[in-house]
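Visitor: Next up is a structure, given as structure tokens.
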Amino acid sequence: MHPTDKKQNISKETGLSQNVEFIRSTYRKAVITGALSIMSVNINVFVDGILVGRRIGTDALAAINISLPIYLALCVVGSFFAAGTEIPAAKAIGIGDVSKRDNFFCTGLNVSVLASIIITVLALLFRNSLVDFLCSDELIRGYVMQYVVITLIGALPKIVIYIPFWYLRLDGKNLDVLFVYYMDMGVFGAGLASVIATALSCLYGLLRLFSKDSSYSWHPELVRNRKEWLEIITVGSPSAFNNLCATIRLLIINGMLMAHGGPKLVAIFTAVNGICGFGECITLGVPAAGSAMLGVFSGERDNGSCRLLLREEWKTGSISGAVFLALCAILSGAISKMYGLSENLLVPLVWMALSVFSALFLNILTTYYNMTSLNTWSNALIFLRVILMTYMGLLLVFSAHISPLAFLLFAELATVVVWWGRREFIIGEMKRIPAI
């Protein structure tokens, strides 16, 4: 080999090694923050479930999960306006257009406030119809009404918190014990504590956004350009669609579990779903941590760096998933007691923890497709795994008379199988962007 060629090869190897280390170190710094941000979103429901289950019982625990679609519907609105305005604002920063950035920022904040006021008023007026839609069981309708009403009262901070959420990953839960135990306010108290904690978090986030060392300022303005509104709708829809599918999914699950096992089975799912929130630190937090880097690499058509980052995400998530599975199995008895349940949750928790691996793989794909402008395929995967395969999975477990929560694993695996069958077609459409 010619000495010059040898030096070039050494240089390439050195550059590749440095690139690997850069991606690995940068990603690992972001992944903890990403996981904690997901945990901060789920911690309210997790703690509410524990306190209500132990203090009041399984009917009230089931009521929390039955009321949860209202909470998720607020997330749809908040994520839509926050993501829809934040991404164009970030692009404006990239080209140095501060005025355009501020315009998108103020639009997101102003529209979020306006939407939350309208939703609160209308939903409270029709609260009886909402509760009738969510729950037909007279035994737990009272609990559902309490949780729905207090959730709607807290709609404004829940929606608006998505604006500072991109910068301040904060959520508080220390008020639940005061309201549920010492003031004996039951389900209403748990919901009230969550609302107050979210409101305080939202207030703190807004104060930080408008502090002296912040570059943001508020103006009573909205974007007026039709093209900019279309951009908000386009880039905000994937995040909102994901939350919308989660809302519909929960309605399907609650309805089918209630029909086959009553409040007791819904209470078991509520407990497992609370622990699943920690699993989402892996399935959602791991891909989210690399999304910004992936967007940069995709824009630069840097295939090698894209592959390296995706492998790092899968490696990190798989190791974390194995630890999560082991902890679920070991702590299943303690988790049952924590929620005030007499049933051992070992089997349901194992089904849920096993689903983390395929869910991680699918969320990595979904994030990749979002960053590379393949929103249709991203939304298709979300619809398949969150709604269609969940429904099919529930039908399967009930007809086969196996553990009801096995549907959690089936939904993820079935989606992977469908994707695998269509992967060549999808990759064929990705020739203009970095391939997986």
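By order of appearance in the structure tokens: chains A, B, ..., then residues from 1 within every chain, and ligands from 1 in the order shown.
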Near Leu362 of chain A, within 9 Å and counting only C-alpha atoms, which residues show up once chain neighbours fewer than 4 positions away are dropped, as an NGL selection string?
Guide: :A and (283 or 357-358 or 366-367 or 381-382 or 385 or 412 or 415-416 or 419)
Visitor: Okay, now the selection with C-alpha atoms, as a PDB file, in the first residue's frame?
Guide:
```
ATOM      1  CA  THR A 283     -39.699   3.668  24.797  1.00  0.00           C
ATOM      2  CA  PHE A 357     -38.484  -3.848  23.489  1.00  0.00           C
ATOM      3  CA  SER A 358     -40.748  -3.872  20.425  1.00  0.00           C
ATOM      4  CA  THR A 366     -41.431   6.697  14.255  1.00  0.00           C
ATOM      5  CA  THR A 367     -38.976   9.375  15.397  1.00  0.00           C
ATOM      6  CA  LEU A 381     -47.100   3.088  12.619  1.00  0.00           C
ATOM      7  CA  ILE A 382     -48.704   5.045  15.460  1.00  0.00           C
ATOM      8  CA  ARG A 385     -49.678  -0.101  17.247  1.00  0.00           C
ATOM      9  CA  GLU A 412     -46.342  -4.184  19.601  1.00  0.00           C
ATOM     10  CA  THR A 415     -47.023  -3.972  14.375  1.00  0.00           C
ATOM     11  CA  VAL A 416     -43.383  -4.995  13.996  1.00  0.00           C
ATOM     12  CA  TRP A 419     -43.703  -3.131   9.277  1.00  0.00           C
TER      13      TRP A 419
END
```
Visitor: Could you find all residues in segment 199-337 of chain A that DSSP calls helix (DSSP H, G or I) from the backbone, and write them as number ranges by chain?
Guide: A: 199-209, 226-283, 285-289, 291-299, 303-330, 332-337
Visitor: To one decimal place in Å, what is the distance between atom CA of Leu365 of chain A and atom CA of Ser378 of chain A?
Guide: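 Atom CA of Ser378 of chain A lies at a distance of 7.5 Å from atom CA of Leu365 of chain A.
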Visitor: Could you give me, as a tab-separated table, every segment 215-317 of chain A residue with an atom at most 12 Å from segment 128-136 of chain A, plus its closest atom pair and distance in Å to one decimal, counting only C-alpha atoms, rows ordered by chain then number?
Guide:
```
residue	atom	partner	partner_atom	distance
A:Thr247	CA	A:Leu134	CA	11.6
A:Ile248	CA	A:Leu134	CA	11.4
A:Leu250	CA	A:Leu134	CA	10.4
A:Leu251	CA	A:Leu134	CA	7.6
A:Ile252	CA	A:Leu134	CA	10.5
A:Ile253	CA	A:Leu134	CA	11.6
A:Asn254	CA	A:Leu134	CA	8.8
A:Gly255	CA	A:Cys135	CA	8.4
A:Met256	CA	A:Cys135	CA	11.9
A:Met258	CA	A:Cys135	CA	9.3
A:Ala259	CA	A:Ser136	CA	10.4
A:Gly262	CA	A:Ser136	CA	11.1
A:Pro263	CA	A:Cys135	CA	10.6
A:Val266	CA	A:Cys135	CA	11.9
```
Visitor: Which is closer to Leu122 of chain A than all the others in A:Gly340, A:Ser318, A:Val149, A:Gly285, using only C-alpha atoms?
Guide: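 Going through A:Gly340, A:Ser318, A:Val149, A:Gly285 one by one, the smallest distance to Leu122 of chain A is for A:Val149.
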Visitor: For Thr58 of chain A, find every residue with an atom within 9 Å (counting only C-alpha atoms), except residues of its own chain fewer than 5 positions away, and show them as a compact mmCIF listing (two decimals) with C-alpha atoms, in the first residue's frame.
Guide:
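File out_10.txt, as written:
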```
# COMPACT_ATOMS: atom_id res chain seq x y z
CA VAL A 52 -56.35 6.58 45.71
CA GLY A 53 -55.98 2.78 45.50
CA ALA A 63 -62.22 5.64 37.97
CA PRO A 263 -63.85 -2.31 37.73
CA LYS A 264 -61.48 -4.90 39.25
CA VAL A 266 -59.66 -1.94 35.05
CA ALA A 267 -58.01 -1.28 38.43
CA ILE A 268 -55.34 -3.90 37.67
CA TYR A 339 -51.69 0.12 44.84
CA GLY A 340 -53.75 -1.57 47.55
CA LEU A 341 -54.51 -4.59 45.35
```
Visitor: I'd like the contact shell of Thr120 of chain A - 10 Å cut-off, only C-alpha atoms, skipping same-chain residues fewer than 3 positions apart - returned as a PyMOL selection string.
Guide: chain A and resi 74+115-117+123-125+149+151-156
Visitor: Residues of the last selection are to be written out with N, CA and C atoms, as an mmCIF file, in the first residue's frame.
Guide:
```
data_model
loop_
_atom_site.group_PDB
_atom_site.id
_atom_site.type_symbol
_atom_site.label_atom_id
_atom_site.label_comp_id
_atom_site.auth_asym_id
_atom_site.auth_seq_id
_atom_site.Cartn_x
_atom_site.Cartn_y
_atom_site.Cartn_z
ATOM 1 N N LEU A 74 -56.492 16.858 26.656
ATOM 2 C CA LEU A 74 -55.822 18.136 26.894
ATOM 3 C C LEU A 74 -54.389 18.104 26.384
ATOM 4 N N ALA A 115 -57.454 28.495 23.668
ATOM 5 C CA ALA A 115 -58.049 27.171 23.491
ATOM 6 C C ALA A 115 -58.417 26.544 24.828
ATOM 7 N N SER A 116 -57.559 26.718 25.837
ATOM 8 C CA SER A 116 -57.829 26.122 27.149
ATOM 9 C C SER A 116 -59.059 26.741 27.800
ATOM 10 N N ILE A 117 -59.274 28.042 27.632
ATOM 11 C CA ILE A 117 -60.448 28.710 28.195
ATOM 12 C C ILE A 117 -61.723 28.199 27.524
ATOM 13 N N ALA A 123 -66.567 22.124 28.120
ATOM 14 C CA ALA A 123 -66.544 20.795 28.730
ATOM 15 C C ALA A 123 -67.267 20.767 30.070
ATOM 16 N N LEU A 124 -67.142 21.830 30.857
ATOM 17 C CA LEU A 124 -67.860 21.878 32.140
ATOM 18 C C LEU A 124 -69.371 21.983 31.929
ATOM 19 N N LEU A 125 -69.773 22.688 30.880
ATOM 20 C CA LEU A 125 -71.191 22.781 30.575
ATOM 21 C C LEU A 125 -71.781 21.415 30.212
ATOM 22 N N VAL A 149 -64.181 16.640 36.542
ATOM 23 C CA VAL A 149 -64.409 18.061 36.830
ATOM 24 C C VAL A 149 -63.118 18.759 37.230
ATOM 25 N N THR A 151 -60.093 17.824 36.592
ATOM 26 C CA THR A 151 -59.183 17.827 35.446
ATOM 27 C C THR A 151 -59.512 18.973 34.508
ATOM 28 N N LEU A 152 -60.799 19.194 34.271
ATOM 29 C CA LEU A 152 -61.218 20.281 33.380
ATOM 30 C C LEU A 152 -60.922 21.645 33.984
ATOM 31 N N ILE A 153 -61.070 21.772 35.290
ATOM 32 C CA ILE A 153 -60.733 23.040 35.954
ATOM 33 C C ILE A 153 -59.251 23.369 35.745
ATOM 34 N N GLY A 154 -58.446 22.328 35.697
ATOM 35 C CA GLY A 154 -57.009 22.527 35.496
ATOM 36 C C GLY A 154 -56.572 22.467 34.049
ATOM 37 N N ALA A 155 -57.515 22.656 33.112
ATOM 38 C CA ALA A 155 -57.176 22.546 31.687
ATOM 39 C C ALA A 155 -56.153 23.594 31.250
ATOM 40 N N LEU A 156 -56.294 24.821 31.769
ATOM 41 C CA LEU A 156 -55.394 25.897 31.311
ATOM 42 C C LEU A 156 -53.928 25.579 31.594
#
```
Visitor: Go through A:Trp218, A:Tyr27, A:Tyr368, A:Trp351 one by one, measure the shortest atom-to-atom distance of each to Leu325 of chain A using only C-alpha atoms, and give the residue with the smallest value.
Guide: A:Trp351
Visitor: Which residue is closest to Val286 of chain A? Choose from A:Val121, A:Leu139, A:Ala35, A:Leu308 and count only C-alpha atoms.
Guide: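 For Val286 of chain A, the nearest of the given residues is A:Ala35.
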Visitor: So that I can check the surroundings of Asn344 of chain A, please list as a list of chain:residue names every protein, DNA and RNA residue that reaches within 9 Å of it, counting only C-alpha atoms and ignoring chain neighbours fewer than 3 positions away.
Guide: A:Ser332, A:Gly333, A:Ala334, A:Ile335, A:Ser336, A:Lys337, A:Leu341, A:Val347, A:Pro348
Visitor: Atoms to include: C-alpha atoms. Write the selected residues as an mmCIF file, in the first residue's frame.
Guide:
```
data_model
loop_
_atom_site.group_PDB
_atom_site.id
_atom_site.type_symbol
_atom_site.label_atom_id
_atom_site.label_comp_id
_atom_site.auth_asym_id
_atom_site.auth_seq_id
_atom_site.Cartn_x
_atom_site.Cartn_y
_atom_site.Cartn_z
ATOM 1 C CA SER A 332 -44.364 -7.215 41.463
ATOM 2 C CA GLY A 333 -45.556 -8.130 44.963
ATOM 3 C CA ALA A 334 -44.544 -4.770 46.391
ATOM 4 C CA ILE A 335 -46.253 -2.954 43.509
ATOM 5 C CA SER A 336 -49.511 -4.816 44.212
ATOM 6 C CA LYS A 337 -49.414 -3.710 47.857
ATOM 7 C CA LEU A 341 -54.515 -4.593 45.351
ATOM 8 C CA VAL A 347 -47.871 -11.836 35.084
ATOM 9 C CA PRO A 348 -49.463 -8.531 33.930
#
```
Visitor: Select, from A:Leu360, A:Cys75, A:Leu206, A:Ile275, the residue with the minimum atom-to-atom distance to Met338 of chain A, counting only C-alpha atoms.
Guide: A:Ile275
Visitor: Find the residues around Leu327 of chain A up to 10 Å (only C-alpha atoms counted), leave out those fewer than 5 positions away in its own chain, and share them as an NGL selection string.
Guide: :A and (321-322 or 332 or 349-350 or 353)
Visitor: Atom CA of Ala329 of chain A and atom CA of Ser403 of chain A, how far apart in Å?
Guide: 16.0 Å
Visitor: Between atom CA of Gly290 of chain A and atom CA of Leu309 of chain A, what is the distance, to one decimal in Å?
Guide: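 Distance between the two atoms: 7.2 Å.
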